[in-house]
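The next block is coords_19.txt, given as compact mmCIF, C-alpha atoms and all ligand atoms.
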```
# COMPACT_ATOMS: atom_id res chain seq x y z
CA MET L 103 110.01 54.31 85.84
CA SER L 104 109.78 51.59 88.47
CA VAL L 105 107.80 48.40 88.02
CA GLN L 106 104.20 48.61 89.32
CA LYS L 107 102.36 45.66 87.82
CA ILE L 108 103.89 42.22 87.64
CA ALA L 109 102.69 38.87 86.35
CA VAL L 110 103.85 35.37 87.21
CA LEU L 111 103.64 32.14 85.22
CA THR L 112 104.86 28.55 85.52
CA SER L 113 106.16 26.84 82.39
CA GLY L 114 107.45 23.51 81.08
CA GLY L 115 107.08 20.33 83.15
CA ASP L 116 105.56 20.95 86.57
CA SER L 117 107.77 20.29 89.57
CA GLN L 118 107.91 20.42 93.33
CA GLY L 119 108.46 23.87 94.73
CA MET L 120 106.54 25.70 92.01
CA ASN L 121 103.64 26.54 94.33
CA ALA L 122 106.03 27.77 96.99
CA ALA L 123 107.70 29.98 94.39
CA VAL L 124 104.36 31.33 93.09
CA ARG L 125 103.25 32.07 96.66
CA ALA L 126 106.52 33.89 97.41
CA VAL L 127 106.28 36.01 94.27
CA VAL L 128 102.62 36.97 94.87
CA ARG L 129 102.93 37.71 98.59
CA SER L 130 106.23 39.60 98.21
CA GLY L 131 104.88 41.60 95.28
CA LEU L 132 101.76 42.60 97.22
CA PHE L 133 103.87 43.42 100.29
CA TYR L 134 105.89 45.86 98.17
CA GLY L 135 102.69 47.50 96.90
CA LEU L 136 102.68 46.00 93.39
CA GLU L 137 99.65 44.81 91.49
CA VAL L 138 100.14 41.11 90.88
CA TYR L 139 98.64 39.01 88.07
CA GLY L 140 98.71 35.28 87.45
CA ILE L 141 98.98 33.78 83.98
CA GLN L 142 97.44 30.31 83.52
CA ARG L 143 99.33 27.58 81.60
CA GLY L 144 102.65 29.26 80.92
CA TYR L 145 103.43 31.03 77.65
CA GLN L 146 100.33 29.42 76.08
CA GLY L 147 98.17 31.27 78.62
CA LEU L 148 100.06 34.48 77.91
CA LEU L 149 99.28 34.20 74.19
CA ASN L 150 95.63 33.43 75.05
CA ASP L 151 95.56 36.49 77.34
CA ASP L 152 94.57 34.14 80.16
CA ILE L 153 95.60 36.61 82.88
CA PHE L 154 93.87 37.32 86.20
CA SER L 155 94.41 39.48 89.25
CA MET L 156 95.88 37.77 92.35
CA ASP L 157 95.57 38.67 96.02
CA LEU L 158 96.90 37.27 99.30
CA ARG L 159 94.21 34.58 99.38
CA SER L 160 94.88 33.40 95.81
CA VAL L 161 97.97 31.61 97.08
CA GLY L 162 96.61 30.55 100.49
CA ASP L 163 97.10 26.95 101.54
CA ILE L 164 99.09 25.93 98.45
CA ILE L 165 102.64 25.75 99.79
CA GLN L 166 102.29 22.08 100.74
CA ARG L 167 100.71 21.03 97.43
CA GLY L 168 102.55 19.51 94.49
CA GLY L 169 102.26 20.75 90.92
CA THR L 170 101.36 24.34 90.24
CA VAL L 171 98.09 26.18 90.87
CA LEU L 172 98.82 28.30 87.79
CA GLN L 173 99.06 25.12 85.68
CA SER L 174 101.90 24.68 83.25
CA ALA L 175 102.26 24.10 79.51
CA ARG L 176 104.61 23.89 76.58
CA CYS L 177 103.88 26.32 73.78
CA LYS L 178 105.19 25.98 70.23
CA GLU L 179 103.83 29.33 69.09
CA PHE L 180 105.95 31.11 71.69
CA MET L 181 109.09 29.59 70.13
CA THR L 182 108.56 31.85 67.09
CA PRO L 183 109.52 35.55 66.95
CA GLU L 184 105.87 36.35 66.06
CA GLY L 185 104.67 34.50 69.16
CA GLN L 186 107.16 36.33 71.37
CA GLN L 187 106.13 39.68 69.87
CA LYS L 188 102.46 38.83 70.53
CA GLY L 189 103.28 37.93 74.15
CA ALA L 190 105.13 41.20 74.70
CA GLU L 191 102.25 43.17 73.18
CA ILE L 192 99.66 41.48 75.42
CA LEU L 193 101.71 42.38 78.51
CA ARG L 194 102.15 45.95 77.31
CA LYS L 195 98.45 46.32 76.51
CA ARG L 196 97.65 45.28 80.09
CA GLY L 197 100.29 47.64 81.48
CA ILE L 198 102.22 44.74 83.02
CA ASP L 199 105.82 45.87 83.25
CA GLY L 200 107.45 42.88 84.93
CA LEU L 201 107.15 39.14 84.35
CA VAL L 202 108.36 36.37 86.66
CA VAL L 203 108.82 33.02 84.90
CA ILE L 204 109.09 29.85 86.99
CA GLY L 205 110.41 26.91 84.98
CA GLY L 206 113.45 25.20 83.51
CA ASP L 207 116.05 26.10 80.89
CA GLY L 208 113.56 26.38 78.00
CA SER L 209 111.34 28.72 79.97
CA TYR L 210 114.41 30.79 80.84
CA HIS L 211 115.24 31.15 77.13
CA GLY L 212 111.67 32.28 76.50
CA ALA L 213 111.97 34.88 79.27
CA ASN L 214 115.19 36.10 77.68
CA LYS L 215 113.40 36.66 74.37
CA LEU L 216 110.76 38.80 76.10
CA SER L 217 113.48 40.71 77.86
CA LYS L 218 115.03 41.58 74.48
CA LEU L 219 111.62 42.93 73.47
CA GLY L 220 111.72 45.35 76.41
CA ILE L 221 109.78 43.39 79.06
CA ASN L 222 111.46 43.21 82.48
CA THR L 223 111.72 39.50 83.20
CA MET L 224 113.03 37.38 86.01
CA ALA L 225 113.38 33.62 85.65
CA LEU L 226 113.30 31.36 88.70
CA LEU L 227 114.83 28.05 87.66
CA GLU L 228 113.31 24.78 88.84
CA ARG L 229 116.74 23.28 89.41
CA LEU L 230 117.69 26.02 91.87
CA ILE L 231 114.33 25.69 93.65
CA THR L 232 114.89 21.94 93.97
CA ILE L 233 118.41 22.43 95.36
CA PHE L 234 117.07 25.04 97.77
CA LEU L 235 114.29 22.71 98.96
CA SER L 236 116.69 19.80 99.37
CA LEU L 237 118.95 22.01 101.51
CA ILE L 238 115.95 22.94 103.66
CA SER L 239 114.91 19.31 104.08
CA ARG L 240 118.48 18.35 104.94
CA SER L 241 118.74 21.07 107.58
CA ASP L 242 115.36 19.90 108.89
CA LEU L 243 116.80 16.38 109.15
CA ILE L 244 119.83 17.71 111.02
CA LEU L 245 117.54 19.62 113.40
CA ARG L 246 115.50 16.45 114.05
CA LEU L 247 118.67 14.47 114.79
CA VAL L 248 119.89 17.15 117.21
CA LEU L 249 116.47 17.16 118.98
CA LEU L 250 116.52 13.36 119.17
CA TRP L 251 120.05 13.44 120.57
CA MET L 252 119.02 16.03 123.22
CA GLN L 253 116.18 13.79 124.42
N1 LIG I 1 114.54 29.03 72.80
C1 LIG I 1 113.29 29.38 73.18
N2 LIG I 1 112.76 30.55 72.80
C2 LIG I 1 111.52 30.92 73.18
N3 LIG I 1 110.72 30.18 73.96
C3 LIG I 1 111.20 29.01 74.39
C4 LIG I 1 112.50 28.54 74.03
N4 LIG I 1 112.70 27.32 74.60
C5 LIG I 1 111.55 27.06 75.27
N5 LIG I 1 110.65 28.06 75.16
C6 LIG I 1 109.29 28.12 75.71
O1 LIG I 1 109.30 27.59 77.02
C7 LIG I 1 108.42 26.46 77.10
C8 LIG I 1 108.95 25.45 78.10
O2 LIG I 1 110.20 25.01 77.67
P1 LIG I 1 110.64 23.48 77.91
O3 LIG I 1 109.58 22.59 77.39
O4 LIG I 1 112.02 23.35 77.35
O5 LIG I 1 110.60 23.31 79.48
P2 LIG I 1 111.62 23.82 80.60
O6 LIG I 1 111.32 25.22 80.97
O7 LIG I 1 113.04 23.54 80.17
O8 LIG I 1 111.17 22.90 81.78
P3 LIG I 1 111.52 21.34 81.97
O9 LIG I 1 112.77 21.34 82.79
O10 LIG I 1 110.34 20.83 82.69
O11 LIG I 1 111.68 20.73 80.60
C9 LIG I 1 108.34 25.96 75.65
O12 LIG I 1 107.18 25.21 75.40
C10 LIG I 1 108.35 27.26 74.88
O13 LIG I 1 107.08 27.84 74.87
O1 LIG I 2 97.93 31.00 103.30
P1 LIG I 2 99.07 30.24 103.89
O2 LIG I 2 100.16 31.12 104.38
O3 LIG I 2 99.53 29.13 103.04
O4 LIG I 2 98.49 29.57 105.20
C1 LIG I 2 97.39 28.70 105.12
C2 LIG I 2 97.06 28.17 106.48
O5 LIG I 2 96.61 29.23 107.31
C3 LIG I 2 95.31 28.90 107.84
O6 LIG I 2 94.36 29.50 106.96
C4 LIG I 2 95.16 29.46 109.22
O7 LIG I 2 96.14 28.99 110.05
C5 LIG I 2 95.22 27.39 107.71
O8 LIG I 2 93.90 26.94 107.67
C6 LIG I 2 95.95 27.14 106.45
O9 LIG I 2 96.47 25.84 106.39
```
Let me see the structure of the file written as structure tokens.
Amino acid sequence: MSVQKIAVLTSGGDSQGMNAAVRAVVRSGLFYGLEVYGIQRGYQGLLNDDIFSMDLRSVGDIIQRGGTVLQSARCKEFMTPEGQQKGAEILRKRGIDGLVVIGGDGSYHGANKLSKLGINTMALLERLITIFLSLISRSDLILRLVLLWMQ
């Protein structure tokens, strides 16, 4: 059965690019006809069932802002097998069949644990987002230099 409801969370230390990633996940998900949910404060929010429906406007005007509109957290309880089981059950109870995790290595390991419990997960790593953004800003710099040279 294909994925119909997805959720997105940001986890660990907040970083530049997280809002852009959240926006991309929400808008792409909606474009492909999925129901999209946001989870506040990372795995802690998941365990608190702090989950809400997101639409196109939920991520409007955030791409230029630092931090993360979903807020981030570190969660000790989620490090335990019981915590991971609880997280998987909350997602299942809500019928959420895909989870996108935006964070660093630790968050990726957490996503892996959920995946072993049968939840489809995708982890977007901060480091890759940062590299991607730095490539964009460098190409922007090159474009500016070319424009300057043409004048
Ligand atoms: N091995 C693990 N198993 C399950 N969950 C984990 C594991 N490692 C980390 N997590 C979960 O992910 C959260 C964030 O991890 P961590 O604090 O290592 O940040 P990170 O994702 O590596 O980001 P940063 O780069 O900002 O440190 C932890 O608080 C915990 O809830
Ligand atoms: O929702 P997005 O794609 O971030 O765009 C937000 C921008 O679009 C507008 O709503 C209309 O151009 C601006 O006021 C705002 O800065």
Fill in: Separation of atom CA of Ala225 of chain L from atom CA of Leu136 of chain L in Å
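It comes out at 18.1 Å.
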Fill in: Contacts to ligand LIG 2 (chain I) at 12 Å cut-off (only C-alpha atoms and all ligand atoms) as a list in words
Asn121, Ala122, Ala123, Val124, Arg125, Ala126, Val128, Arg129, Asp157, Leu158, Arg159, Ser160, Val161, Gly162, Asp163, Ile164, Ile165, Gln166 and Arg167 of chain L
Using all atoms listed in the file, which residues of chain L come within 6 Å of ligand LIG 1 (chain I), and what is the closest atom pair for each, with the distance in Å to one decimal? Give it as CSV, sorted by chain and residue number.
```
residue,atom,partner,partner_atom,distance
L:Ser113,CA,I:LIG1,C8,5.3
L:Gly114,CA,I:LIG1,O5,3.5
L:Gly115,CA,I:LIG1,O10,3.3
L:Tyr145,CA,I:LIG1,O13,5.6
L:Arg176,CA,I:LIG1,O12,3.1
L:Cys177,CA,I:LIG1,O13,3.7
L:Lys178,CA,I:LIG1,O13,5.3
L:Phe180,CA,I:LIG1,O13,4.7
L:Met181,CA,I:LIG1,C2,4.1
L:Gly205,CA,I:LIG1,O6,4.4
L:Gly206,CA,I:LIG1,O6,3.3
L:Asp207,CA,I:LIG1,O7,4.0
L:Gly208,CA,I:LIG1,C5,3.5
L:Ser209,CA,I:LIG1,O6,3.6
L:His211,CA,I:LIG1,C1,4.7
L:Gly212,CA,I:LIG1,N3,3.4
```
Worksheet item: In Å, with one decimal, what is the gap from atom CA of Leu227 of chain L to atom CA of Lys195 of chain L?
Response: 27.0 Å
Practice prompt. Could you please determine the separation between atom CA of Asn150 of chain L and atom CA of Ser117 of chain L in Å, to one decimal place?
Written response: 23.0 Å
Fill in: Non-local contacts of Pro183 of chain L (12 Å; all atoms listed in the file; under 3 positions in same chain excluded) as a ChimeraX atom specification
/L:178-180,186-190,212,215-216,218-219
